[in-house]
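**Student:** This is the content of my_file-v7.pdb (PDB, C-alpha atoms):
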ATOM      1  CA  MET G  86     -72.085 129.044  19.050
ATOM      2  CA  ALA G  87     -71.305 132.015  21.270
ATOM      3  CA  SER G  88     -74.410 133.571  22.784
ATOM      4  CA  SER G  89     -75.313 136.514  24.982
ATOM      5  CA  SER G  90     -78.410 137.472  26.948
ATOM      6  CA  THR G  91     -77.707 141.202  26.488
ATOM      7  CA  GLN G  92     -80.505 142.924  24.575
ATOM      8  CA  THR G  93     -79.116 144.423  21.370
ATOM      9  CA  PRO G  94     -80.712 144.985  17.956
ATOM     10  CA  LEU G  95     -77.745 143.118  16.428
ATOM     11  CA  LEU G  96     -79.223 139.620  16.718
ATOM     12  CA  TYR G  97     -76.767 137.332  14.944
ATOM     13  CA  SER G  98     -73.415 137.651  13.230
ATOM     14  CA  CYS G  99     -71.084 135.275  11.451
ATOM     15  CA  ILE G 100     -67.954 135.125   9.335
ATOM     16  CA  ALA G 101     -67.919 132.392   6.715
ATOM     17  CA  HIS G 102     -65.756 131.083   3.910
ATOM     18  CA  ASN G 103     -68.248 130.188   1.195
ATOM     19  CA  THR G 104     -70.735 128.050   3.212
ATOM     20  CA  THR G 105     -68.353 127.124   6.047
ATOM     21  CA  ILE G 106     -69.084 129.201   9.155
ATOM     22  CA  LEU G 107     -65.752 130.076  10.755
ATOM     23  CA  ALA G 108     -67.050 132.187  13.665
ATOM     24  CA  GLU G 109     -70.503 133.237  14.866
ATOM     25  CA  CYS G 110     -72.402 134.751  17.748
ATOM     26  CA  THR G 111     -76.106 135.131  18.528
ATOM     27  CA  THR G 112     -77.791 137.437  21.021
ATOM     28  CA  SER G 113     -81.319 136.325  20.095
ATOM     29  CA  ALA G 114     -83.322 133.518  21.663
ATOM     30  CA  SER G 115     -84.861 132.796  18.258
ATOM     31  CA  SER G 116     -83.266 130.083  16.139
ATOM     32  CA  GLN G 117     -84.528 131.831  13.015
ATOM     33  CA  THR G 118     -81.628 134.292  12.888
ATOM     34  CA  SER G 119     -79.018 131.582  12.383
ATOM     35  CA  SER G 120     -81.403 129.766  10.014
ATOM     36  CA  LEU G 121     -81.505 132.855   7.810
ATOM     37  CA  ALA G 122     -77.720 132.853   7.575
ATOM     38  CA  SER G 123     -77.547 129.165   6.659
ATOM     39  CA  LEU G 124     -80.089 129.736   3.875
ATOM     40  CA  ILE G 125     -78.420 132.829   2.418
ATOM     41  CA  LEU G 126     -74.764 131.750   2.471
ATOM     42  CA  PRO G 127     -75.134 129.129  -0.308
ATOM     43  CA  LYS G 128     -76.779 131.793  -2.515
ATOM     44  CA  ILE G 129     -73.839 134.210  -2.325
ATOM     45  CA  THR G 130     -71.594 134.234  -5.366
ATOM     46  CA  HIS G 131     -68.039 135.477  -5.018
ATOM     47  CA  ASP G 132     -67.500 136.490  -8.636
ATOM     48  CA  GLN G 133     -67.376 140.122  -7.501
ATOM     49  CA  PRO G 134     -67.350 141.967  -4.151
ATOM     50  CA  GLN G 135     -70.843 142.586  -2.803
ATOM     51  CA  LYS G 136     -72.542 144.699  -0.151
ATOM     52  CA  LEU G 137     -76.169 143.629   0.070
ATOM     53  CA  THR G 138     -79.221 143.787   2.336
ATOM     54  CA  TYR G 139     -82.067 141.263   2.447
ATOM     55  CA  THR G 140     -85.327 141.980   4.253
ATOM     56  CA  HIS G 141     -87.354 139.376   6.125
ATOM     57  CA  GLY G 142     -90.229 140.648   8.242
ATOM     58  CA  ALA G 143     -88.849 142.808  11.044
ATOM     59  CA  ASN G 144     -85.285 141.620  10.375
ATOM     60  CA  HIS G 145     -82.665 142.809   7.934
ATOM     61  CA  ILE G 146     -79.764 140.604   6.820
ATOM     62  CA  HIS G 147     -76.707 142.608   5.770
ATOM     63  CA  TYR G 148     -73.519 141.165   4.377
ATOM     64  CA  ILE G 149     -70.207 142.014   2.760
ATOM     65  CA  SER G 150     -68.712 139.337   0.540
ATOM     66  CA  GLU G 151     -65.235 139.280  -0.931
ATOM     67  CA  ALA G 152     -64.158 138.117  -4.392
ATOM     68  CA  PRO G 153     -60.877 136.976  -5.955
ATOM     69  CA  GLU G 154     -60.318 140.459  -7.374
ATOM     70  CA  SER G 155     -60.337 141.888  -3.834
ATOM     71  CA  ALA G 156     -58.331 139.004  -2.354
ATOM     72  CA  HIS G 157     -54.817 139.277  -1.003
ATOM     73  CA  ALA G 158     -52.265 138.950  -3.805
ATOM     74  CA  ASP G 159     -50.699 135.834  -2.240
ATOM     75  CA  ASN G 160     -53.876 134.235  -0.876
ATOM     76  CA  ALA G 161     -56.895 133.703  -3.132
ATOM     77  CA  SER G 162     -58.875 132.088  -0.290
ATOM     78  CA  THR G 163     -59.714 135.517   1.159
ATOM     79  CA  GLY G 164     -61.939 135.999  -1.893
ATOM     80  CA  GLY G 165     -64.428 133.502  -0.441
ATOM     81  CA  LEU G 166     -65.034 135.322   2.833
ATOM     82  CA  THR G 167     -68.435 136.706   3.856
ATOM     83  CA  TYR G 168     -69.207 138.921   6.853
ATOM     84  CA  MET G 169     -72.890 138.839   7.832
ATOM     85  CA  VAL G 170     -75.161 140.329  10.469
ATOM     86  CA  VAL G 171     -78.895 139.857  11.141
ATOM     87  CA  CYS G 172     -80.482 142.754  12.993
ATOM     88  CA  ASP G 173     -83.696 144.554  13.782
ATOM     89  CA  SER G 174     -84.845 146.654  10.832
ATOM     90  CA  SER G 175     -85.223 149.703  13.101
ATOM     91  CA  LEU G 176     -81.430 149.950  13.271
ATOM     92  CA  GLY G 177     -81.171 151.120   9.669
ATOM     93  CA  ARG G 178     -78.093 150.283   7.587
ATOM     94  CA  ARG G 179     -75.263 152.572   8.648
ATOM     95  CA  VAL G 180     -74.688 150.899  12.016
ATOM     96  CA  PRO G 181     -74.864 147.293  10.696
ATOM     97  CA  PHE G 182     -72.466 147.992   7.823
ATOM     98  CA  GLY G 183     -70.167 149.946  10.137
ATOM     99  CA  PHE G 184     -70.185 146.856  12.366
ATOM    100  CA  LEU G 185     -69.344 144.619   9.381
ATOM    101  CA  PHE G 186     -66.425 146.815   8.309
ATOM    102  CA  GLU G 187     -65.090 146.663  11.873
ATOM    103  CA  ILE G 188     -65.318 142.885  12.232
ATOM    104  CA  ARG G 189     -63.644 142.470   8.827
ATOM    105  CA  LYS G 190     -60.747 144.666   9.904
ATOM    106  CA  ARG G 191     -60.338 142.881  13.234
ATOM    107  CA  PHE G 192     -60.762 139.395  11.782
ATOM    108  CA  LEU G 193     -58.041 139.945   9.186
ATOM    109  CA  SER G 194     -55.862 141.392  11.927
ATOM    110  CA  ASP G 195     -56.279 138.244  14.047
ATOM    111  CA  PHE G 196     -56.046 135.878  11.068
ATOM    112  CA  ASP G 197     -53.378 137.209   8.751
ATOM    113  CA  GLU G 198     -54.789 137.133   5.229
ATOM    114  CA  ALA G 199     -51.311 136.670   3.804
ATOM    115  CA  THR G 200     -50.686 133.404   5.640
ATOM    116  CA  THR G 201     -54.099 131.937   6.617
ATOM    117  CA  ASP G 202     -55.690 129.471   4.219
ATOM    118  CA  PHE G 203     -59.339 130.176   4.959
ATOM    119  CA  ALA G 204     -60.479 127.454   2.576
ATOM    120  CA  ASP G 205     -58.694 124.898   4.750
ATOM    121  CA  LEU G 206     -60.354 125.961   8.012
ATOM    122  CA  PRO G 207     -63.122 123.638   9.320
ATOM    123  CA  ASN G 208     -66.492 124.711  10.714
ATOM    124  CA  TYR G 209     -65.845 127.117  13.619
ATOM    125  CA  GLY G 210     -62.151 127.022  12.754
ATOM    126  CA  ALA G 211     -61.950 130.657  13.844
ATOM    127  CA  GLY G 212     -64.070 130.141  16.963
ATOM    128  CA  SER G 213     -61.598 132.176  19.005
ATOM    129  CA  PHE G 214     -63.107 135.233  17.277
ATOM    130  CA  ASN G 215     -66.582 134.552  18.736
ATOM    131  CA  ALA G 216     -65.855 136.625  21.855
ATOM    132  CA  THR G 217     -64.899 139.615  19.684
ATOM    133  CA  LEU G 218     -68.151 139.282  17.729
ATOM    134  CA  LYS G 219     -70.132 139.197  20.959
ATOM    135  CA  ARG G 220     -68.401 142.255  22.394
ATOM    136  CA  LEU G 221     -68.829 144.306  19.228
ATOM    137  CA  MET G 222     -72.475 143.294  18.801
ATOM    138  CA  VAL G 223     -73.266 144.611  22.263
ATOM    139  CA  ASP G 224     -71.072 147.715  21.877
ATOM    140  CA  TYR G 225     -72.309 148.742  18.428
ATOM    141  CA  GLY G 226     -75.923 147.838  19.200
ATOM    142  CA  THR G 227     -76.392 149.421  22.622
ATOM    143  CA  THR G 228     -73.867 152.241  23.195
ATOM    144  CA  ALA G 229     -73.712 155.693  21.649
ATOM    145  CA  GLY G 230     -69.943 155.395  21.270
ATOM    146  CA  GLY G 231     -70.253 152.122  19.408
ATOM    147  CA  ARG G 232     -72.833 153.526  17.007
ATOM    148  CA  ASP G 233     -70.693 156.602  16.391
ATOM    149  CA  ASP G 234     -67.755 154.305  15.566
ATOM    150  CA  ALA G 235     -69.972 152.330  13.175
ATOM    151  CA  ILE G 236     -71.069 155.463  11.337
ATOM    152  CA  THR G 237     -67.448 156.621  11.108
ATOM    153  CA  ASN G 238     -66.471 153.250   9.620
ATOM    154  CA  VAL G 239     -69.177 153.548   6.963
ATOM    155  CA  GLN G 240     -68.145 157.074   6.042
ATOM    156  CA  ARG G 241     -64.537 155.937   5.693
ATOM    157  CA  GLU G 242     -65.312 152.829   3.618
ATOM    158  CA  MET G 243     -68.069 154.031   1.279
ATOM    159  CA  ASP G 244     -69.867 157.153   0.100
ATOM    160  CA  ASP G 245     -73.471 156.300   0.924
ATOM    161  CA  VAL G 246     -75.271 153.205   2.261
ATOM    162  CA  ARG G 247     -78.267 154.176   0.134
ATOM    163  CA  GLY G 248     -76.355 152.759  -2.817
ATOM    164  CA  ILE G 249     -76.499 149.276  -1.256
ATOM    165  CA  MET G 250     -79.044 147.086  -2.979
ATOM    166  CA  THR G 251     -81.949 145.836  -0.860
ATOM    167  CA  ARG G 252     -83.917 142.700  -1.737
ATOM    168  CA  ASN G 253     -86.679 140.691  -0.138
ATOM    169  CA  ILE G 254     -85.438 137.311   1.021
ATOM    170  CA  GLU G 255     -88.556 135.590  -0.354
ATOM    171  CA  GLY G 256     -87.271 136.152  -3.872
ATOM    172  CA  LEU G 257     -83.973 134.462  -3.015
ATOM    173  CA  LEU G 258     -85.214 131.244  -1.473
ATOM    174  CA  GLU G 259     -86.570 128.132  -3.069
ATOM    175  CA  ARG G 260     -90.080 126.986  -2.144
ATOM    176  CA  GLY G 261     -88.816 124.353   0.317
ATOM    177  CA  GLU G 262     -86.580 126.876   2.039
ATOM    178  CA  ARG G 263     -89.466 129.308   2.418
ATOM    179  CA  ILE G 264     -91.476 126.479   3.975
ATOM    180  CA  ASP G 265     -88.595 125.829   6.406
ATOM    181  CA  LEU G 266     -88.706 129.452   7.520
ATOM    182  CA  LEU G 267     -92.494 129.322   7.788
ATOM    183  CA  VAL G 268     -92.312 126.146   9.895
ATOM    184  CA  ASP G 269     -89.721 127.768  12.160
ATOM    185  CA  LYS G 270     -91.960 130.823  12.541
ATOM    186  CA  THR G 271     -95.010 128.620  13.144
ATOM    187  CA  ASP G 272     -93.123 126.660  15.817
ATOM    188  CA  ARG G 273     -92.276 129.885  17.606
ATOM    189  CA  LEU G 274     -95.872 131.106  17.372
ATOM    190  CA  GLY G 275     -97.086 127.717  18.629
ATOM    191  CA  GLY G 276     -94.750 127.946  21.594
ATOM    192  CA  SER G 277     -96.073 131.407  22.379
ATOM    193  CA  ALA G 278     -99.655 130.151  22.124
ATOM    194  CA  ARG G 279     -98.926 127.266  24.529
ATOM    195  CA  GLU G 280     -97.307 129.657  26.968
ATOM    196  CA  PHE G 281    -100.345 131.950  26.709
ATOM    197  CA  ARG G 282    -102.727 129.055  27.424
ATOM    198  CA  VAL G 283    -100.707 127.998  30.475
ATOM    199  CA  ARG G 284    -100.636 131.543  31.803
ATOM    200  CA  SER G 285    -104.373 131.923  31.106
ATOM    201  CA  ARG G 286    -105.184 128.755  33.056
ATOM    202  CA  GLY G 287    -103.054 129.954  35.943
ATOM    203  CA  LEU G 288    -104.766 133.348  35.936
ATOM    204  CA  LYS G 289    -108.195 131.713  35.748
ATOM    205  CA  ARG G 290    -107.328 129.518  38.747
ATOM    206  CA  GLN G 291    -106.160 132.532  40.715
ATOM    207  CA  MET G 292    -109.375 134.424  39.928
ATOM    208  CA  TRP G 293    -111.447 131.387  40.959
ATOM    209  CA  TRP G 294    -109.723 131.218  44.363
ATOM    210  CA  LYS G 295    -110.205 134.945  44.827
ATOM    211  CA  ASN G 296    -113.914 134.540  44.131
ATOM    212  CA  VAL G 297    -114.149 131.606  46.569
ATOM    213  CA  LYS G 298    -112.429 133.627  49.291
ATOM    214  CA  LEU G 299    -114.667 136.620  48.610
ATOM    215  CA  MET G 300    -117.850 134.530  48.744
ATOM    216  CA  THR G 301    -116.669 132.854  51.963
ATOM    217  CA  LEU G 302    -115.998 136.245  53.504
ATOM    218  CA  LEU G 303    -119.452 137.502  52.469
ATOM    219  CA  VAL G 304    -121.125 134.428  53.962
ATOM    220  CA  VAL G 305    -119.233 134.887  57.259
ATOM    221  CA  VAL G 306    -120.116 138.603  57.393
ATOM    222  CA  LEU G 307    -123.773 137.858  56.591
ATOM    223  CA  ALA G 308    -123.872 135.136  59.265
ATOM    224  CA  LEU G 309    -122.415 137.537  61.832
ATOM    225  CA  ILE G 310    -124.978 140.191  60.906
ATOM    226  CA  ILE G 311    -127.868 137.694  61.246
ATOM    227  CA  LEU G 312    -126.441 136.468  64.564
ATOM    228  CA  ALA G 313    -126.180 140.025  65.827
ATOM    229  CA  ILE G 314    -129.783 140.739  64.814
ATOM    230  CA  VAL G 315    -131.046 137.550  66.503
ATOM    231  CA  LEU G 316    -129.159 138.355  69.706
ATOM    232  CA  ALA G 317    -130.458 141.922  69.663
ATOM    233  CA  VAL G 318    -134.082 140.780  69.214
ATOM    234  CA  LYS G 319    -133.682 138.160  71.928
ATOM    235  CA  ASN G 320    -132.263 140.663  74.381
ATOM    236  CA  ALA G 321    -135.075 143.085  73.561
ATOM    237  CA  THR G 322    -137.772 140.518  74.322
ATOM    238  CA  ASN G 323    -136.162 139.635  77.615
TER
END
If you convert what's in this file into structure tokens, what do you get?

**Tutor:**
Amino acid sequence: MASSSTQTPLLYSCIAHNTTILAECTTSASSQTSSLASLILPKITHDQPQKLTYTHGANHIHYISEAPESAHADNASTGGLTYMVVCDSSLGRRVPFGFLFEIRKRFLSDFDEATTDFADLPNYGAGSFNATLKRLMVDYGTTAGGRDDAITNVQREMDDVRGIMTRNIEGLLERGERIDLLVDKTDRLGGSAREFRVRSRGLKRQMWWKNVKLMTLLVVVLALIILAIVLAVKNATN
């Protein structure tokens, strides 16, 4: 999986044929973003083209899926393609869908839909496209030019993103899958709690040493003051 440490609200993206991930990239340290994709892909039906948004906490999962009716005349396998992105909800929908339209255009330019049998490609069979995903995720997520391009793509491809259906992911998943997401979230919270405890112990140790040094300094100063008083009294009596 291609990854990037660059901070961008576009957290994860993939291109899949049915449930087979052909190319993907993540910019998030959380494993949950890719987990969301693996849970949603099997739920996508390709009986008709779809543009859909799922919500999950602070993340939105947007995707465009193809169908046989939108497939290339000589290649029905393009009807099983899905373009997906997981991003921060604060990004809205115009930029993510503009990003999806762009990666679809570039992917079909690199992999000719007239001659490529997407159904025959293995997992990561289009891994050479990972670098393009990474570059576009950073560009569209962090630069004004990239976001302007995304909005232009949306305006060219569709009338209004407000017409895209939005659903909560909880209604899509089976009970076991929801538990998997909860366990993943709990693991991340547990890791954060352990890190907090370690940092707290370190801070407590630092404060203890500071207190020891301060008390030592006070004792030394007090001893010097008492010594000075004793010497002054002794000199006065002499």

**Student:** If you measure from CA of Glu242 (chain G) to CA of Phe186 (chain G), what distance in Å do you get, rounded to one decimal?

**Tutor:**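 These two atoms are separated by 7.7 Å.
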
**Student:** Find the distance between CA of Asn160 (chain G) and CA of Asp195 (chain G) and write it in Å to one decimal.

**Tutor:**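 Separation between CA of Asn160 (chain G) and CA of Asp195 (chain G): 15.6 Å.
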
**Student:** Using all atoms listed in the file, determine which residues lie at most 8 Å from His145 (chain G), disregarding the query and same-chain residues fewer than 6 positions distant; provide the list as an mmCIF file with C-alpha atoms, in the coordinates of the input.

**Tutor:**
data_model
loop_
_atom_site.group_PDB
_atom_site.id
_atom_site.type_symbol
_atom_site.label_atom_id
_atom_site.label_comp_id
_atom_site.auth_asym_id
_atom_site.auth_seq_id
_atom_site.Cartn_x
_atom_site.Cartn_y
_atom_site.Cartn_z
ATOM 1 C CA THR G 138 -79.221 143.787 2.336
ATOM 2 C CA TYR G 139 -82.067 141.263 2.447
ATOM 3 C CA VAL G 171 -78.895 139.857 11.141
ATOM 4 C CA CYS G 172 -80.482 142.754 12.993
ATOM 5 C CA ASP G 173 -83.696 144.554 13.782
ATOM 6 C CA SER G 174 -84.845 146.654 10.832
#

**Student:** Can you measure CA of His102 (chain G) to CA of Arg179 (chain G) for me? One decimal in Å is fine.

**Tutor:**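 Answer for the CA of His102 (chain G) to CA of Arg179 (chain G) separation: 24.0 Å.
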
**Student:** When you look at region 234-240 of chain G with a cut-off of 8 Å (counting only C-alpha atoms), what residues show up, excluding the ones that are within fewer than 6 positions of it in the same chain? I need them as an MDAnalysis selection string.

**Tutor:** chainID G and resid 179:184 186:187 225 246

**Student:** Box for region 297-300 of chain G: with edges along x, y and z, all listed atoms inside and 4 Å added on each side, what are the centre and edge lengths in Å to one decimal, as AutoDock Vina command-line options?

**Tutor:**
--center_x -115.1 --center_y 134.1 --center_z 47.9 --size_x 13.4 --size_y 13.0 --size_z 10.7

**Student:** So, with only C-alpha atoms as the atoms that count, which of G:Lys128, G:Thr112, G:Thr104, G:Ala313 lies closest to Arg220 (chain G)?

**Tutor:**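 When distances to Arg220 (chain G) are compared using only C-alpha atoms, the smallest one comes from G:Thr112.
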
**Student:** In terms of the shortest atom-to-atom distance over all atoms listed in the file, which of G:Pro134, G:Thr93, G:Tyr209, G:Pro127 is closest to Ala114 (chain G)?

**Tutor:**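 Of the candidates, the smallest distance to Ala114 (chain G) is held by G:Thr93.
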
**Student:** Ranking G:Leu309, G:Ala161, G:Leu316, G:Val223 by minimum distance to Gln92 (chain G) and counting only C-alpha atoms, which one comes first?

**Tutor:** G:Val223

**Student:** Show which residues sit within 9 Å of Ala101 (chain G), as a ChimeraX atom specification. Count only C-alpha atoms, and ignore same-chain residues fewer than 2 positions away.

**Tutor:** /G:99,103-109,126,165-169,208-209

**Student:** Apply the PyMOL selection byres ((chain G and resi 133) around 9) to the structure shown and report the selected residues as a PyMOL selection string.

**Tutor:** chain G and resi 130-132+134-135+150-155+164

**Student:** Which residues, written as JSON, numbers by chain, have at least one atom at most 12 Å from Leu218 (chain G), with all atoms listed in the file counted and residues fewer than 3 positions away on the same chain left out?

**Tutor:** {"G": [86, 87, 88, 89, 95, 96, 97, 98, 99, 100, 107, 108, 109, 110, 111, 112, 168, 169, 170, 184, 185, 187, 188, 189, 191, 192, 211, 212, 213, 214, 215, 221, 222, 223, 224, 225, 226]}

**Student:** Which is closest to Thr200 (chain G) among G:Gly177, G:Lys219, G:Thr163, G:Thr227, if we use all atoms listed in the file?

**Tutor:**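 Of all the options, G:Thr163 lies closest to Thr200 (chain G).
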
**Student:** Considering all atoms listed in the file, can you say which of G:Ser123, G:Thr201, G:Gln291, G:Ser175 comes closest to Thr140 (chain G)?

**Tutor:**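 Using all atoms listed in the file, the shortest distance to Thr140 (chain G) belongs to G:Ser175.
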
**Student:** Pick the closest to Ala199 (chain G) from G:Trp294, G:Ser162, G:His147, G:Arg232: which is it, counting only C-alpha atoms?

**Tutor:**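 The closest residue to Ala199 (chain G) is G:Ser162.
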
**Student:** Model the absent atoms of region 145-159 of chain G so that N, CA, C and O atoms are present, and write the result as a CSV table (one decimal), in the frame of the given file.

**Tutor:**
chain,number,residue,atom,x,y,z
G,145,HIS,N,-83.5,142.6,9.1
G,145,HIS,CA,-82.7,142.8,7.9
G,145,HIS,C,-81.4,142.0,8.0
G,145,HIS,O,-80.8,141.8,9.1
G,146,ILE,N,-81.0,141.4,6.9
G,146,ILE,CA,-79.8,140.6,6.8
G,146,ILE,C,-78.8,141.4,5.9
G,146,ILE,O,-79.0,141.5,4.7
G,147,HIS,N,-77.7,141.8,6.5
G,147,HIS,CA,-76.7,142.6,5.8
G,147,HIS,C,-75.4,141.8,5.6
G,147,HIS,O,-75.1,141.1,6.6
G,148,TYR,N,-74.8,141.9,4.5
G,148,TYR,CA,-73.5,141.2,4.4
G,148,TYR,C,-72.6,141.9,3.4
G,148,TYR,O,-73.0,142.6,2.5
G,149,ILE,N,-71.3,141.6,3.6
G,149,ILE,CA,-70.2,142.0,2.8
G,149,ILE,C,-69.5,140.7,2.3
G,149,ILE,O,-69.1,139.9,3.2
G,150,SER,N,-69.4,140.5,1.0
G,150,SER,CA,-68.7,139.3,0.5
G,150,SER,C,-67.5,139.8,-0.3
G,150,SER,O,-67.6,140.7,-1.0
G,151,GLU,N,-66.5,139.0,-0.2
G,151,GLU,CA,-65.2,139.3,-0.9
G,151,GLU,C,-65.3,138.5,-2.2
G,151,GLU,O,-66.1,137.6,-2.5
G,152,ALA,N,-64.3,138.8,-3.1
G,152,ALA,CA,-64.2,138.1,-4.4
G,152,ALA,C,-62.7,138.0,-4.7
G,152,ALA,O,-61.9,138.7,-4.1
G,153,PRO,N,-62.3,137.1,-5.6
G,153,PRO,CA,-60.9,137.0,-6.0
G,153,PRO,C,-60.2,138.3,-6.3
G,153,PRO,O,-59.0,138.5,-6.0
G,154,GLU,N,-60.9,139.2,-7.0
G,154,GLU,CA,-60.3,140.5,-7.4
G,154,GLU,C,-60.0,141.3,-6.2
G,154,GLU,O,-59.1,142.2,-6.3
G,155,SER,N,-60.7,141.1,-5.0
G,155,SER,CA,-60.3,141.9,-3.8
G,155,SER,C,-59.5,141.1,-2.9
G,155,SER,O,-59.2,141.6,-1.8
G,156,ALA,N,-59.1,139.9,-3.2
G,156,ALA,CA,-58.3,139.0,-2.4
G,156,ALA,C,-56.9,139.5,-2.3
G,156,ALA,O,-56.4,140.2,-3.1
G,157,HIS,N,-56.2,139.0,-1.2
G,157,HIS,CA,-54.8,139.3,-1.0
G,157,HIS,C,-54.0,138.7,-2.2
G,157,HIS,O,-54.4,137.6,-2.7
G,158,ALA,N,-53.0,139.4,-2.6
G,158,ALA,CA,-52.3,139.0,-3.8
G,158,ALA,C,-51.7,137.5,-3.7
G,158,ALA,O,-51.6,136.8,-4.7
G,159,ASP,N,-51.3,137.1,-2.4
G,159,ASP,CA,-50.7,135.8,-2.2
G,159,ASP,C,-51.7,134.8,-1.6
G,159,ASP,O,-51.2,133.7,-1.3
